[in-house]
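Coordinates as given in model-v1.cif (mmCIF, C-alpha atoms):
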data_upload
#
loop_
_atom_site.label_atom_id
_atom_site.label_comp_id
_atom_site.auth_asym_id
_atom_site.auth_seq_id
_atom_site.Cartn_x
_atom_site.Cartn_y
_atom_site.Cartn_z
CA MET I 1 16.20 -13.67 -36.18
CA ILE I 2 18.52 -14.35 -33.27
CA PRO I 3 21.79 -13.88 -35.22
CA HIS I 4 20.38 -10.54 -36.37
CA GLY I 5 19.59 -9.62 -32.76
CA ILE I 6 23.11 -10.44 -31.65
CA GLU I 7 24.51 -8.38 -34.52
CA VAL I 8 22.40 -5.35 -33.52
CA LEU I 9 23.40 -5.81 -29.90
CA TRP I 10 27.08 -5.90 -30.84
CA GLU I 11 26.65 -2.62 -32.70
CA GLN I 12 24.91 -1.16 -29.64
CA ARG I 13 27.42 -2.59 -27.17
CA ASP I 14 28.42 0.87 -25.91
CA ALA I 15 24.84 1.68 -24.86
CA MET I 16 24.48 -1.73 -23.19
CA LEU I 17 27.84 -1.34 -21.42
CA ALA I 18 26.88 2.15 -20.23
CA GLY I 19 23.65 0.73 -18.78
CA PHE I 20 25.58 -2.10 -17.12
CA LEU I 21 28.07 0.32 -15.57
CA THR I 22 25.24 2.57 -14.34
CA THR I 23 23.53 -0.41 -12.70
CA PHE I 24 26.86 -1.40 -11.15
CA ALA I 25 27.50 2.15 -9.88
CA ILE I 26 23.96 2.59 -8.51
CA ALA I 27 23.98 -0.79 -6.79
CA THR I 28 27.43 -0.16 -5.27
CA ALA I 29 26.58 3.34 -4.05
CA ALA I 30 23.23 2.18 -2.65
CA ALA I 31 24.84 -0.86 -0.99
CA VAL I 32 27.47 1.27 0.79
CA CYS I 33 24.92 3.88 1.91
CA ALA I 34 22.32 1.26 2.90
CA GLY I 35 25.01 -0.65 4.80
CA LEU I 36 26.00 2.42 6.82
CA LEU I 37 22.41 3.54 7.44
CA GLY I 38 21.47 -0.07 8.28
CA LEU I 39 24.28 -0.19 10.88
CA MET I 40 23.02 3.01 12.51
CA LEU I 41 19.44 1.73 12.56
CA PHE I 42 20.69 -1.56 14.01
CA ALA I 43 22.50 0.28 16.81
CA LEU I 44 19.27 2.16 17.62
CA LEU I 45 17.16 -1.02 17.35
CA ILE I 46 19.20 -2.74 20.08
CA SER I 47 19.68 0.42 22.14
CA ARG I 48 18.48 0.70 25.72
CA VAL I 49 16.27 3.66 24.84
CA ARG I 50 13.05 1.64 24.60
CA ALA I 51 10.88 4.29 22.97
CA VAL I 52 13.34 4.80 20.11
CA ALA I 53 13.92 1.07 19.65
CA LEU I 54 10.18 0.32 19.57
CA ALA I 55 9.30 3.14 17.19
CA LEU I 56 12.10 2.08 14.88
CA ALA I 57 11.12 -1.60 15.00
CA TRP I 58 7.63 -0.55 13.96
CA LEU I 59 8.98 1.55 11.07
CA VAL I 60 11.24 -1.27 9.89
CA ASP I 61 8.29 -3.70 9.91
CA LEU I 62 6.21 -1.19 7.97
CA MET I 63 8.97 -0.78 5.38
CA ARG I 64 9.10 -4.55 4.92
CA CYS I 65 5.45 -4.48 3.81
CA VAL I 66 6.05 -1.87 1.09
CA PRO I 67 6.83 -3.01 -2.47
CA PHE I 68 10.04 -1.32 -3.61
CA MET I 69 8.35 0.11 -6.70
CA LEU I 70 5.73 1.87 -4.56
CA PHE I 71 8.46 3.26 -2.30
CA CYS I 72 10.43 4.42 -5.31
CA TYR I 73 7.44 6.36 -6.63
CA LEU I 74 6.82 7.74 -3.15
CA ILE I 75 10.35 9.17 -2.98
CA TYR I 76 10.32 10.43 -6.57
CA TYR I 77 6.86 12.04 -6.52
CA GLY I 78 6.46 12.57 -2.79
CA LEU I 79 9.64 14.47 -1.87
CA PRO I 80 8.81 17.45 -4.14
CA SER I 81 5.59 17.87 -2.11
CA PHE I 82 7.85 18.66 0.84
CA GLY I 83 9.90 21.09 -1.20
CA ILE I 84 12.77 18.68 -1.80
CA VAL I 85 13.61 18.57 -5.50
CA ILE I 86 16.11 15.96 -6.66
CA GLY I 87 17.02 14.32 -9.95
CA ASN I 88 15.78 10.85 -10.87
CA LEU I 89 19.18 9.17 -10.38
CA MET I 90 19.51 10.69 -6.91
CA ALA I 91 15.91 9.75 -6.07
CA GLY I 92 16.65 6.18 -7.16
CA ILE I 93 19.75 5.88 -5.00
CA ILE I 94 17.95 7.41 -1.99
CA ALA I 95 15.01 5.02 -2.42
CA LEU I 96 17.32 1.99 -2.71
CA THR I 97 19.32 3.16 0.32
CA ILE I 98 16.43 3.75 2.73
CA TYR I 99 14.49 0.67 1.61
CA ASN I 100 17.39 -1.75 1.93
CA ALA I 101 18.73 -0.15 5.12
CA ALA I 102 15.54 -1.30 6.85
CA TYR I 103 16.12 -4.89 5.69
CA ILE I 104 19.81 -4.75 6.64
CA ALA I 105 19.02 -3.40 10.13
CA GLU I 106 16.53 -6.24 10.60
CA LEU I 107 18.89 -8.98 9.43
CA LEU I 108 21.67 -7.61 11.68
CA ARG I 109 19.21 -7.62 14.58
CA GLY I 110 18.47 -11.27 13.74
CA GLY I 111 22.20 -12.02 13.89
CA TYR I 112 22.48 -10.18 17.20
CA MET I 113 19.59 -12.14 18.73
CA ALA I 114 21.28 -15.41 17.76
CA LEU I 115 24.58 -14.43 19.46
CA PRO I 116 25.45 -16.23 22.68
CA ARG I 117 24.85 -13.72 25.53
CA GLU I 118 27.98 -14.77 27.44
CA GLY I 119 30.40 -12.98 25.11
CA ILE I 120 28.52 -9.70 25.44
CA GLU I 121 28.20 -10.06 29.21
CA ALA I 122 31.93 -10.79 29.47
CA GLY I 123 32.59 -7.72 27.35
CA SER I 124 30.62 -5.47 29.64
CA ALA I 125 32.24 -7.12 32.68
CA PHE I 126 35.61 -6.09 31.21
CA GLY I 127 34.40 -2.49 31.07
CA PHE I 128 33.14 -2.21 27.50
CA HIS I 129 30.06 0.00 27.47
CA SER I 130 27.62 1.55 25.02
CA TRP I 131 29.25 2.27 21.65
CA ARG I 132 32.58 0.65 22.54
CA LEU I 133 30.77 -2.54 23.44
CA LEU I 134 28.91 -2.28 20.14
CA LEU I 135 32.01 -1.53 18.09
CA HIS I 136 34.49 -3.97 19.64
CA ILE I 137 32.36 -6.86 20.90
CA ILE I 138 28.97 -6.97 19.19
CA LEU I 139 29.56 -5.73 15.64
CA PRO I 140 32.48 -8.00 14.66
CA GLN I 141 30.48 -11.10 15.63
CA VAL I 142 27.20 -9.90 14.13
CA LEU I 143 28.81 -8.88 10.84
CA LEU I 144 30.71 -12.16 10.56
CA SER I 145 27.61 -14.28 11.12
CA SER I 146 25.54 -12.09 8.76
CA ILE I 147 27.86 -12.29 5.74
CA PRO I 148 25.65 -14.68 3.70
CA MET I 149 22.51 -12.66 4.49
CA LEU I 150 24.29 -9.41 3.57
CA GLY I 151 25.26 -11.05 0.27
CA ASN I 152 21.60 -11.92 -0.37
CA GLN I 153 20.66 -8.32 0.34
CA MET I 154 23.29 -7.14 -2.13
CA VAL I 155 21.69 -9.35 -4.80
CA GLN I 156 18.34 -7.84 -3.81
CA ILE I 157 19.74 -4.32 -4.30
CA ILE I 158 20.99 -5.24 -7.78
CA LYS I 159 17.57 -6.65 -8.70
CA ASP I 160 15.68 -3.74 -7.12
CA SER I 161 17.80 -1.30 -9.14
CA ALA I 162 15.98 -2.50 -12.28
CA PHE I 163 12.78 -0.95 -10.90
CA LEU I 164 14.42 2.46 -11.37
CA VAL I 165 13.59 2.12 -15.07
CA ILE I 166 10.12 3.42 -14.10
CA ILE I 167 11.56 6.79 -13.05
CA ALA I 168 13.71 6.83 -16.22
CA VAL I 169 17.08 6.12 -14.61
CA GLN I 170 19.24 4.96 -17.52
CA GLU I 171 20.42 1.66 -16.08
CA LEU I 172 20.76 -1.77 -17.67
CA THR I 173 17.06 -2.61 -18.15
CA PHE I 174 16.46 0.91 -19.49
CA ALA I 175 19.28 0.45 -22.03
CA ALA I 176 17.96 -2.97 -23.08
CA ASN I 177 14.47 -1.52 -23.48
CA GLU I 178 15.75 1.40 -25.59
CA ILE I 179 17.62 -0.94 -27.95
CA GLN I 180 14.60 -3.23 -28.08
CA ALA I 181 12.26 -0.37 -28.95
CA THR I 182 14.53 1.14 -31.60
CA TYR I 183 15.72 -1.97 -33.45
CA TYR I 184 13.00 -4.43 -32.45
CA VAL I 185 15.33 -7.09 -31.07
CA PRO I 186 13.54 -7.85 -27.75
CA PHE I 187 14.85 -11.36 -27.35
CA ALA I 188 18.55 -10.61 -27.76
CA SER I 189 18.51 -7.36 -25.76
CA PHE I 190 16.62 -8.62 -22.70
CA VAL I 191 18.44 -11.97 -22.59
CA CYS I 192 21.70 -10.04 -22.76
CA ALA I 193 20.53 -7.85 -19.85
CA MET I 194 19.56 -10.97 -17.87
CA LEU I 195 23.00 -12.49 -18.46
CA LEU I 196 24.67 -9.28 -17.28
CA TYR I 197 22.54 -9.27 -14.09
CA TRP I 198 23.51 -12.91 -13.65
CA VAL I 199 27.20 -11.97 -13.88
CA LEU I 200 26.75 -9.34 -11.16
CA CYS I 201 24.86 -11.72 -8.87
CA LEU I 202 27.36 -14.57 -9.41
CA ALA I 203 30.15 -12.11 -8.59
CA VAL I 204 28.41 -11.27 -5.30
CA GLU I 205 28.00 -14.97 -4.52
CA GLY I 206 31.68 -15.54 -5.31
CA GLY I 207 32.63 -12.60 -3.11
CA VAL I 208 30.59 -13.97 -0.20
CA ARG I 209 32.27 -17.37 -0.55
CA ALA I 210 35.74 -15.75 -0.67
CA VAL I 211 35.06 -13.66 2.46
CA LEU I 212 33.73 -16.73 4.29
CA THR I 213 36.83 -18.78 3.41
CA MET I 214 39.03 -15.91 4.52
CA ALA I 215 37.14 -15.61 7.81
CA GLU I 216 37.39 -19.38 8.31
CA ALA I 217 41.15 -19.34 7.63
CA ARG I 218 41.76 -16.56 10.16
CA ARG I 219 39.96 -18.34 12.95
CA MET P 1 -9.44 11.63 -3.75
CA GLY P 2 -13.02 11.00 -4.92
CA ASN P 3 -15.13 7.87 -4.90
CA GLY P 4 -13.98 6.99 -8.42
CA ASP P 5 -10.39 7.01 -7.19
CA TYR P 6 -11.15 4.57 -4.38
CA LEU P 7 -12.91 2.36 -6.93
CA ALA P 8 -9.84 2.50 -9.20
CA LEU P 9 -7.60 1.53 -6.27
CA ALA P 10 -9.93 -1.35 -5.41
CA ALA P 11 -9.76 -2.57 -9.02
CA GLY P 12 -5.98 -2.27 -8.85
CA ALA P 13 -5.93 -4.26 -5.62
CA ALA P 14 -8.05 -6.97 -7.29
CA ASN P 15 -5.50 -7.16 -10.11
CA THR P 16 -2.60 -7.35 -7.64
CA ILE P 17 -4.29 -10.22 -5.82
CA ALA P 18 -5.31 -12.04 -9.04
CA VAL P 19 -1.84 -11.82 -10.61
CA SER P 20 -0.11 -12.88 -7.37
CA VAL P 21 -2.44 -15.76 -6.52
CA LEU P 22 -2.34 -17.18 -10.06
CA ALA P 23 1.46 -16.90 -10.18
CA ILE P 24 1.77 -18.64 -6.81
CA ALA P 25 -0.67 -21.40 -7.88
CA ILE P 26 1.41 -22.04 -11.02
CA GLY P 27 4.89 -21.38 -9.67
CA THR P 28 4.77 -23.45 -6.47
CA PRO P 29 4.06 -26.88 -8.09
CA LEU P 30 6.45 -26.09 -10.97
CA GLY P 31 9.14 -25.33 -8.39
CA LEU P 32 8.43 -28.68 -6.73
CA GLY P 33 8.80 -30.39 -10.13
CA LEU P 34 12.18 -28.77 -10.71
CA ALA P 35 13.28 -29.63 -7.18
CA LEU P 36 12.33 -33.29 -7.75
CA ILE P 37 14.38 -33.30 -10.97
CA ARG P 38 17.39 -32.03 -9.03
CA TRP P 39 16.72 -34.35 -6.08
CA GLY P 40 16.44 -37.38 -8.38
CA GLN P 41 19.73 -36.32 -10.01
CA ILE P 42 18.35 -36.99 -13.47
CA ARG P 43 21.47 -36.81 -15.58
CA GLY P 44 21.66 -33.95 -18.07
CA LEU P 45 18.44 -32.33 -16.87
CA ASP P 46 19.89 -31.78 -13.40
CA SER P 47 22.52 -29.23 -14.41
CA VAL P 48 20.20 -27.52 -16.91
CA VAL P 49 17.67 -26.94 -14.12
CA ALA P 50 20.40 -25.70 -11.76
CA ALA P 51 21.60 -23.13 -14.32
CA LEU P 52 18.07 -22.01 -15.21
CA VAL P 53 17.15 -21.53 -11.56
CA SER P 54 20.34 -19.58 -10.88
CA LEU P 55 19.70 -17.32 -13.91
CA LEU P 56 16.05 -16.69 -13.05
CA ARG P 57 16.92 -15.94 -9.43
CA ALA P 58 19.36 -13.27 -10.60
CA THR P 59 16.89 -11.66 -13.03
CA PRO P 60 14.90 -8.59 -11.90
CA ALA P 61 11.16 -9.03 -12.38
CA VAL P 62 10.98 -5.86 -14.48
CA THR P 63 13.49 -7.23 -16.98
CA LEU P 64 11.79 -10.61 -17.11
CA VAL P 65 8.33 -9.15 -17.67
CA LEU P 66 9.64 -7.05 -20.57
CA LEU P 67 11.27 -10.15 -22.05
CA VAL P 68 8.11 -12.23 -21.74
CA TYR P 69 5.84 -9.51 -23.12
CA PHE P 70 8.01 -8.28 -26.00
CA ALA P 71 10.08 -11.32 -26.98
CA LEU P 72 7.56 -14.16 -26.91
CA PRO P 73 5.56 -12.70 -29.85
CA THR P 74 8.72 -12.97 -32.00
CA ILE P 75 8.52 -16.75 -31.63
CA GLY P 76 4.79 -16.67 -32.36
CA LEU P 77 3.54 -16.76 -28.77
CA GLU P 78 1.53 -13.63 -28.18
CA LEU P 79 0.36 -13.24 -24.59
CA PRO P 80 -2.07 -10.57 -23.40
CA ARG P 81 -0.65 -8.20 -20.76
CA PHE P 82 -2.27 -9.92 -17.81
CA ALA P 83 -1.17 -13.41 -18.88
CA ALA P 84 2.37 -12.14 -19.52
CA GLY P 85 2.41 -10.69 -16.01
CA VAL P 86 1.23 -13.94 -14.47
CA ALA P 87 3.75 -15.96 -16.52
CA THR P 88 6.62 -13.70 -15.43
CA LEU P 89 5.84 -13.83 -11.72
CA ALA P 90 5.21 -17.59 -11.98
CA LEU P 91 8.66 -18.10 -13.54
CA GLY P 92 10.32 -16.19 -10.71
CA SER P 93 8.25 -17.99 -8.11
CA MET P 94 9.15 -21.33 -9.72
CA ALA P 95 12.87 -20.60 -9.42
CA TYR P 96 12.71 -19.48 -5.77
CA ASN P 97 10.35 -22.26 -4.77
CA CYS P 98 12.61 -24.83 -6.41
CA GLU P 99 15.37 -23.91 -3.95
CA ILE P 100 12.95 -24.03 -1.01
CA TRP P 101 11.56 -27.45 -1.96
CA ARG P 102 15.08 -28.71 -2.64
CA ALA P 103 16.28 -27.64 0.81
CA ALA P 104 13.32 -29.48 2.36
CA LEU P 105 14.04 -32.59 0.25
CA LEU P 106 17.73 -32.56 1.18
CA ALA P 107 16.81 -32.38 4.88
CA PHE P 108 14.41 -35.32 4.52
CA PRO P 109 15.61 -38.35 6.55
CA PRO P 110 16.56 -41.09 4.04
CA ASP P 111 15.84 -43.95 6.48
CA GLN P 112 12.11 -43.27 6.08
CA LEU P 113 12.51 -43.88 2.36
CA ASP P 114 14.36 -47.14 3.06
CA ALA P 115 11.55 -48.21 5.38
CA ALA P 116 8.90 -47.37 2.76
CA ARG P 117 10.88 -49.30 0.15
CA ALA P 118 11.11 -52.26 2.53
CA PHE P 119 7.32 -52.23 2.75
CA GLY P 120 7.21 -52.53 -1.03
CA MET P 121 5.91 -49.03 -1.77
CA THR P 122 6.42 -47.89 -5.33
CA ARG P 123 8.33 -44.70 -6.10
CA GLY P 124 5.13 -42.71 -6.73
CA LEU P 125 3.49 -43.93 -3.55
CA ARG P 126 6.62 -43.18 -1.47
CA LEU P 127 6.64 -39.66 -2.84
CA ARG P 128 2.93 -39.03 -2.33
CA LEU P 129 2.37 -40.64 1.06
CA VAL P 130 5.73 -40.31 2.81
CA VAL P 131 7.79 -37.49 1.37
CA LEU P 132 5.34 -34.81 0.20
CA PRO P 133 3.21 -34.38 3.35
CA GLN P 134 6.34 -33.93 5.47
CA ILE P 135 8.32 -31.62 3.20
CA ALA P 136 5.21 -29.50 2.59
CA ARG P 137 5.06 -28.79 6.32
CA ALA P 138 8.80 -28.19 6.57
CA ALA P 139 8.78 -25.83 3.58
CA LEU P 140 5.63 -23.90 4.53
CA PRO P 141 7.24 -20.94 6.35
CA ALA P 142 9.79 -20.41 3.57
CA LEU P 143 7.09 -20.80 0.89
CA VAL P 144 4.84 -18.20 2.54
CA ASN P 145 7.82 -15.88 2.96
CA GLU P 146 8.46 -16.28 -0.76
CA MET P 147 4.79 -15.52 -1.51
CA THR P 148 5.02 -12.22 0.38
CA LEU P 149 8.15 -11.37 -1.63
CA LEU P 150 6.24 -12.15 -4.83
CA ILE P 151 3.45 -9.76 -3.84
CA LYS P 152 6.08 -7.10 -3.27
CA VAL P 153 7.57 -7.50 -6.77
CA SER P 154 4.14 -7.79 -8.42
CA PRO P 155 4.09 -4.03 -9.26
CA ALA P 156 6.66 -4.97 -11.94
CA VAL P 157 3.77 -6.04 -14.19
CA ALA P 158 2.72 -2.37 -14.34
CA VAL P 159 5.67 -1.83 -16.70
CA ILE P 160 3.75 -3.64 -19.47
CA GLY P 161 0.53 -1.80 -18.64
CA VAL P 162 -1.29 -4.03 -16.15
CA ILE P 163 -3.05 -1.59 -13.81
CA GLU P 164 -2.43 -3.05 -10.37
CA ALA P 165 -2.51 -1.31 -6.98
CA THR P 166 0.77 0.62 -7.33
CA ARG P 167 0.04 1.78 -10.88
CA ALA P 168 -3.49 2.82 -9.90
CA ALA P 169 -2.06 4.91 -7.04
CA VAL P 170 0.47 6.59 -9.34
CA ARG P 171 -2.26 7.49 -11.86
CA ILE P 172 -4.46 9.05 -9.19
CA GLY P 173 -1.46 10.91 -7.75
CA ALA P 174 -0.65 12.31 -11.19
CA ALA P 175 -4.26 13.34 -11.85
CA THR P 176 -4.82 15.04 -8.48
CA TYR P 177 -1.29 16.49 -8.07
CA ASN P 178 -1.32 14.99 -4.60
CA PRO P 179 0.57 11.68 -4.63
CA ILE P 180 0.68 11.00 -0.88
CA PRO P 181 -2.97 9.96 -0.13
CA PRO P 182 -3.30 7.33 -2.91
CA PHE P 183 0.15 5.95 -1.97
CA LEU P 184 -0.97 5.53 1.62
CA VAL P 185 -4.10 3.66 0.48
CA ALA P 186 -1.96 1.41 -1.76
CA LEU P 187 0.37 0.79 1.17
CA ALA P 188 -2.60 -0.24 3.32
CA ILE P 189 -3.69 -2.64 0.55
CA TYR P 190 -0.28 -4.33 0.52
CA ILE P 191 -0.18 -4.58 4.31
CA VAL P 192 -3.58 -6.30 4.28
CA VAL P 193 -2.67 -8.70 1.44
CA VAL P 194 0.74 -9.62 2.88
CA GLY P 195 -0.83 -9.88 6.34
CA ALA P 196 -3.48 -12.27 5.02
CA PHE P 197 -0.80 -14.65 3.72
CA VAL P 198 1.13 -14.59 7.00
CA ALA P 199 -2.10 -15.14 8.98
CA THR P 200 -2.98 -18.14 6.78
CA GLN P 201 0.45 -19.63 7.45
CA ARG P 202 -0.01 -19.21 11.20
CA MET P 203 -3.45 -20.83 10.98
CA LEU P 204 -2.12 -23.83 9.01
CA GLU P 205 0.71 -24.26 11.52
CA ARG P 206 -1.68 -24.07 14.46
CA ARG P 207 -4.00 -26.60 12.86
CA HIS P 208 -1.09 -28.95 12.22
CA ARG P 209 0.16 -28.63 15.78
CA ALA P 210 -3.34 -29.23 17.13
CA GLY P 211 -3.47 -32.37 14.95
CA LEU P 212 -0.12 -33.56 16.26
CA PHE P 213 -1.03 -33.31 19.92
CA ALA P 214 -4.69 -34.32 19.61
#
Just give me the structure as structure tokens.
Amino acid sequence: MIPHGIEVLWEQRDAMLAGFLTTFAIATAAAVCAGLLGLMLFALLISRVRAVALALAWLVDLMRCVPFMLFCYLIYYGLPSFGIVIGNLMAGIIALTIYNAAYIAELLRGGYMALPREGIEAGSAFGFHSWRLLLHIILPQVLLSSIPMLGNQMVQIIKDSAFLVIIAVQELTFAANEIQATYYVPFASFVCAMLLYWVLCLAVEGGVRAVLTMAEARR
Amino acid sequence: MGNGDYLALAAGAANTIAVSVLAIAIGTPLGLGLALIRWGQIRGLDSVVAALVSLLRATPAVTLVLLVYFALPTIGLELPRFAAGVATLALGSMAYNCEIWRAALLAFPPDQLDAARAFGMTRGLRLRLVVLPQIARAALPALVNEMTLLIKVSPAVAVIGVIEATRAAVRIGAATYNPIPPFLVALAIYIVVVGAFVATQRMLERRHRAGLFA
């Protein structure tokens, strides 16, 4: 049974690899976009414009109550109602980006709240204001202290990307499911997919550790 | 959206709650069991548990639910959809909760254990009367946080055909060609369910604090 499954999987390795690469590409693209959008949201969240900051904090909290799958459907089926027609891959990346940007903005805000105020006050005393204060004084410290949390969020993006199977994005779980349905080897195909997700997540963990050691060495 | 649609969403919400609560009730004690295995450094088992937990924590719920539903029958274990959904979420919850319990156990002051041993308490008694009540309180916020995360991945069970809140909303949206209203109702359902868990945590913490200072 299991040797047969492995045999089938080896024959279908191209399909599995294609799914793996798609998952990798989606997760990377979504992580970069969510990181940038998250940074912008973070800047607005800590801005002096109270109305904007409050409205945004409320939106971020709301987003953290939504299951990703519901949000994914909302983007995929909801955007056409507003006349925006996009493909399923694009819809998936947009959903991953917006959803995770909210979490990233919130975790950066957490890092900012934990910063000692003195450094920021000294920065503004030395004439750093608004975006220059943010860019040169606040962000380097916040990003450094948030590295492990950002790594966790990256793992979350990889895992969330599997939900895109429901809007027929041909990623890793989709590929495993196709092979399973065609050749009836569910055990081998899904365990293989799990191991490949594991590889991605362990790589992220390794990356986080490497960055932390590097940061420690430069101090 | 007609009355039937609201009824369908309510049935979906009931499924979401049932799947989540059952998975939490199974996964939380299992996670504690795994954490105790790692804490006790039982040779051989220790590293197996560590690897299993790491693998499960890296596995998307969608992939795991497909594995449980389609692969278990090949080894003669056929689970109905609902049970497969519960089993999947419980496995994930077990892995996450193991790490939470383990962190609480590692932070537990060892001198209390020495004192309990000096009083002649057996291992089981030490665990039940000294360790568990304290780590349960320390782990509570993280456990509840994990429960809210579980509710948010629970739509994954829709992939094998369990009609929970999200799936019910999608069906109504497809039938009425107007996806936004049912999605908003589903969203409200999740906010209420997640909110109920957070409120329970706050209540337990308040009650504990009241007990401490009484």
Evaluate the PyMOL selection byres ((chain I) within 8 of (chain P)) and report residues as an NGL selection string: :I and (65-70 or 73-74 or 77-78 or 81 or 155 or 159-160 or 162-163 or 166 or 173 or 177 or 185-187 or 190-191 or 193-195 or 197-198 or 201)
Contacts of Val52 (chain I) at 12 Å (only C-alpha atoms; same-chain gap of 6+ positions) as a PyMOL selection string: chain I and resi 41-46+58-59
Residue members of the PyMOL selection byres ((chain P and resi 18) around 12) in the file shown, as a ChimeraX atom specification: /P:11-17,19-25,82-83,85-86,89,151,154,162-165,193
How would the residues just chosen look if you wrote them out with C-alpha atoms as a short mmCIF file (atom, residue, chain, number, x, y, z; two decimals), in the coordinates of the input?
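Written output follows (selection-v2.cif):
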data_model
loop_
_atom_site.label_atom_id
_atom_site.label_comp_id
_atom_site.auth_asym_id
_atom_site.auth_seq_id
_atom_site.Cartn_x
_atom_site.Cartn_y
_atom_site.Cartn_z
CA ALA P 11 -9.76 -2.57 -9.02
CA GLY P 12 -5.98 -2.27 -8.85
CA ALA P 13 -5.93 -4.26 -5.62
CA ALA P 14 -8.05 -6.97 -7.29
CA ASN P 15 -5.50 -7.16 -10.11
CA THR P 16 -2.60 -7.35 -7.64
CA ILE P 17 -4.29 -10.22 -5.82
CA VAL P 19 -1.84 -11.82 -10.61
CA SER P 20 -0.11 -12.88 -7.37
CA VAL P 21 -2.44 -15.76 -6.52
CA LEU P 22 -2.34 -17.18 -10.06
CA ALA P 23 1.46 -16.90 -10.18
CA ILE P 24 1.77 -18.64 -6.81
CA ALA P 25 -0.67 -21.40 -7.88
CA PHE P 82 -2.27 -9.92 -17.81
CA ALA P 83 -1.17 -13.41 -18.88
CA GLY P 85 2.41 -10.69 -16.01
CA VAL P 86 1.23 -13.94 -14.47
CA LEU P 89 5.84 -13.83 -11.72
CA ILE P 151 3.45 -9.76 -3.84
CA SER P 154 4.14 -7.79 -8.42
CA VAL P 162 -1.29 -4.03 -16.15
CA ILE P 163 -3.05 -1.59 -13.81
CA GLU P 164 -2.43 -3.05 -10.37
CA ALA P 165 -2.51 -1.31 -6.98
CA VAL P 193 -2.67 -8.70 1.44
#
Find the residues around Leu143 (chain I) up to 12 Å (only C-alpha atoms counted), leave out those fewer than 2 positions away in its own chain, and share them as an mmCIF file with C-alpha atoms, in the coordinates of the input.
data_model
loop_
_atom_site.group_PDB
_atom_site.id
_atom_site.type_symbol
_atom_site.label_atom_id
_atom_site.label_comp_id
_atom_site.auth_asym_id
_atom_site.auth_seq_id
_atom_site.Cartn_x
_atom_site.Cartn_y
_atom_site.Cartn_z
ATOM 1 C CA GLY I 35 25.010 -0.650 4.800
ATOM 2 C CA GLY I 38 21.470 -0.070 8.280
ATOM 3 C CA LEU I 39 24.280 -0.190 10.880
ATOM 4 C CA PHE I 42 20.690 -1.560 14.010
ATOM 5 C CA ILE I 104 19.810 -4.750 6.640
ATOM 6 C CA ALA I 105 19.020 -3.400 10.130
ATOM 7 C CA LEU I 107 18.890 -8.980 9.430
ATOM 8 C CA LEU I 108 21.670 -7.610 11.680
ATOM 9 C CA ARG I 109 19.210 -7.620 14.580
ATOM 10 C CA GLY I 110 18.470 -11.270 13.740
ATOM 11 C CA GLY I 111 22.200 -12.020 13.890
ATOM 12 C CA TYR I 112 22.480 -10.180 17.200
ATOM 13 C CA LEU I 115 24.580 -14.430 19.460
ATOM 14 C CA LEU I 134 28.910 -2.280 20.140
ATOM 15 C CA LEU I 135 32.010 -1.530 18.090
ATOM 16 C CA HIS I 136 34.490 -3.970 19.640
ATOM 17 C CA ILE I 137 32.360 -6.860 20.900
ATOM 18 C CA ILE I 138 28.970 -6.970 19.190
ATOM 19 C CA LEU I 139 29.560 -5.730 15.640
ATOM 20 C CA PRO I 140 32.480 -8.000 14.660
ATOM 21 C CA GLN I 141 30.480 -11.100 15.630
ATOM 22 C CA SER I 145 27.610 -14.280 11.120
ATOM 23 C CA SER I 146 25.540 -12.090 8.760
ATOM 24 C CA ILE I 147 27.860 -12.290 5.740
ATOM 25 C CA PRO I 148 25.650 -14.680 3.700
ATOM 26 C CA MET I 149 22.510 -12.660 4.490
ATOM 27 C CA LEU I 150 24.290 -9.410 3.570
ATOM 28 C CA GLY I 151 25.260 -11.050 0.270
ATOM 29 C CA VAL I 211 35.060 -13.660 2.460
ATOM 30 C CA LEU I 212 33.730 -16.730 4.290
ATOM 31 C CA ALA I 215 37.140 -15.610 7.810
#
Which residue of I:Ser47, I:Asn100, I:Gln153, I:Ser189 approaches Trp131 (chain I) most closely, using only C-alpha atoms: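 Closest to Trp131 (chain I) of all the choices is I:Ser47.
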Close residues, Arg13 (chain I) itself excluded, 12 Å, all atoms listed in the file, min 2 positions apart in chain, as a list in words: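 The residues satisfying every condition are Gly5, Ile6, Glu7, Val8, Leu9, Trp10, Glu11, Ala15, Met16, Leu17, Ala18, Gly19, Phe20, Leu21, Leu172, Ala175, Ala176, Ile179, Ala188, Ser189, Cys192 and Ala193 of chain I.
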Nearby residues (all atoms listed in the file) at most 6 Å from region 90-97 of chain P, same-chain spacing under 6 positions excluded, as a PyMOL selection string: chain P and resi 23+26-28+30-31+53
Go ahead and save the residues from that selection, with C-alpha atoms, as a JSON list (two decimals), in the coordinates of the input.
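Wrote again.json, looks like this:
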[["chain", "number", "residue", "atom", "x", "y", "z"],
["P", 23, "ALA", "CA", 1.46, -16.90, -10.18],
["P", 26, "ILE", "CA", 1.41, -22.04, -11.02],
["P", 27, "GLY", "CA", 4.89, -21.38, -9.67],
["P", 28, "THR", "CA", 4.77, -23.45, -6.47],
["P", 30, "LEU", "CA", 6.45, -26.09, -10.97],
["P", 31, "GLY", "CA", 9.14, -25.33, -8.39],
["P", 53, "VAL", "CA", 17.15, -21.53, -11.56]]
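The space between CA of Gln156 (chain I) and CA of Leu196 (chain I) spans 15.0 Å.
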Result set of the PyMOL selection byres ((chain P and resi 130) around 12) on the coordinates above, as an MDAnalysis selection string: chainID P and resid 105 108:117 121:129 131:136
Separation of CA of Ile93 (chain I) from CA of Met147 (chain P), in Å and rounded to one decimal: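 Calculated distance between CA of Ile93 (chain I) and CA of Met147 (chain P) is 26.3 Å.
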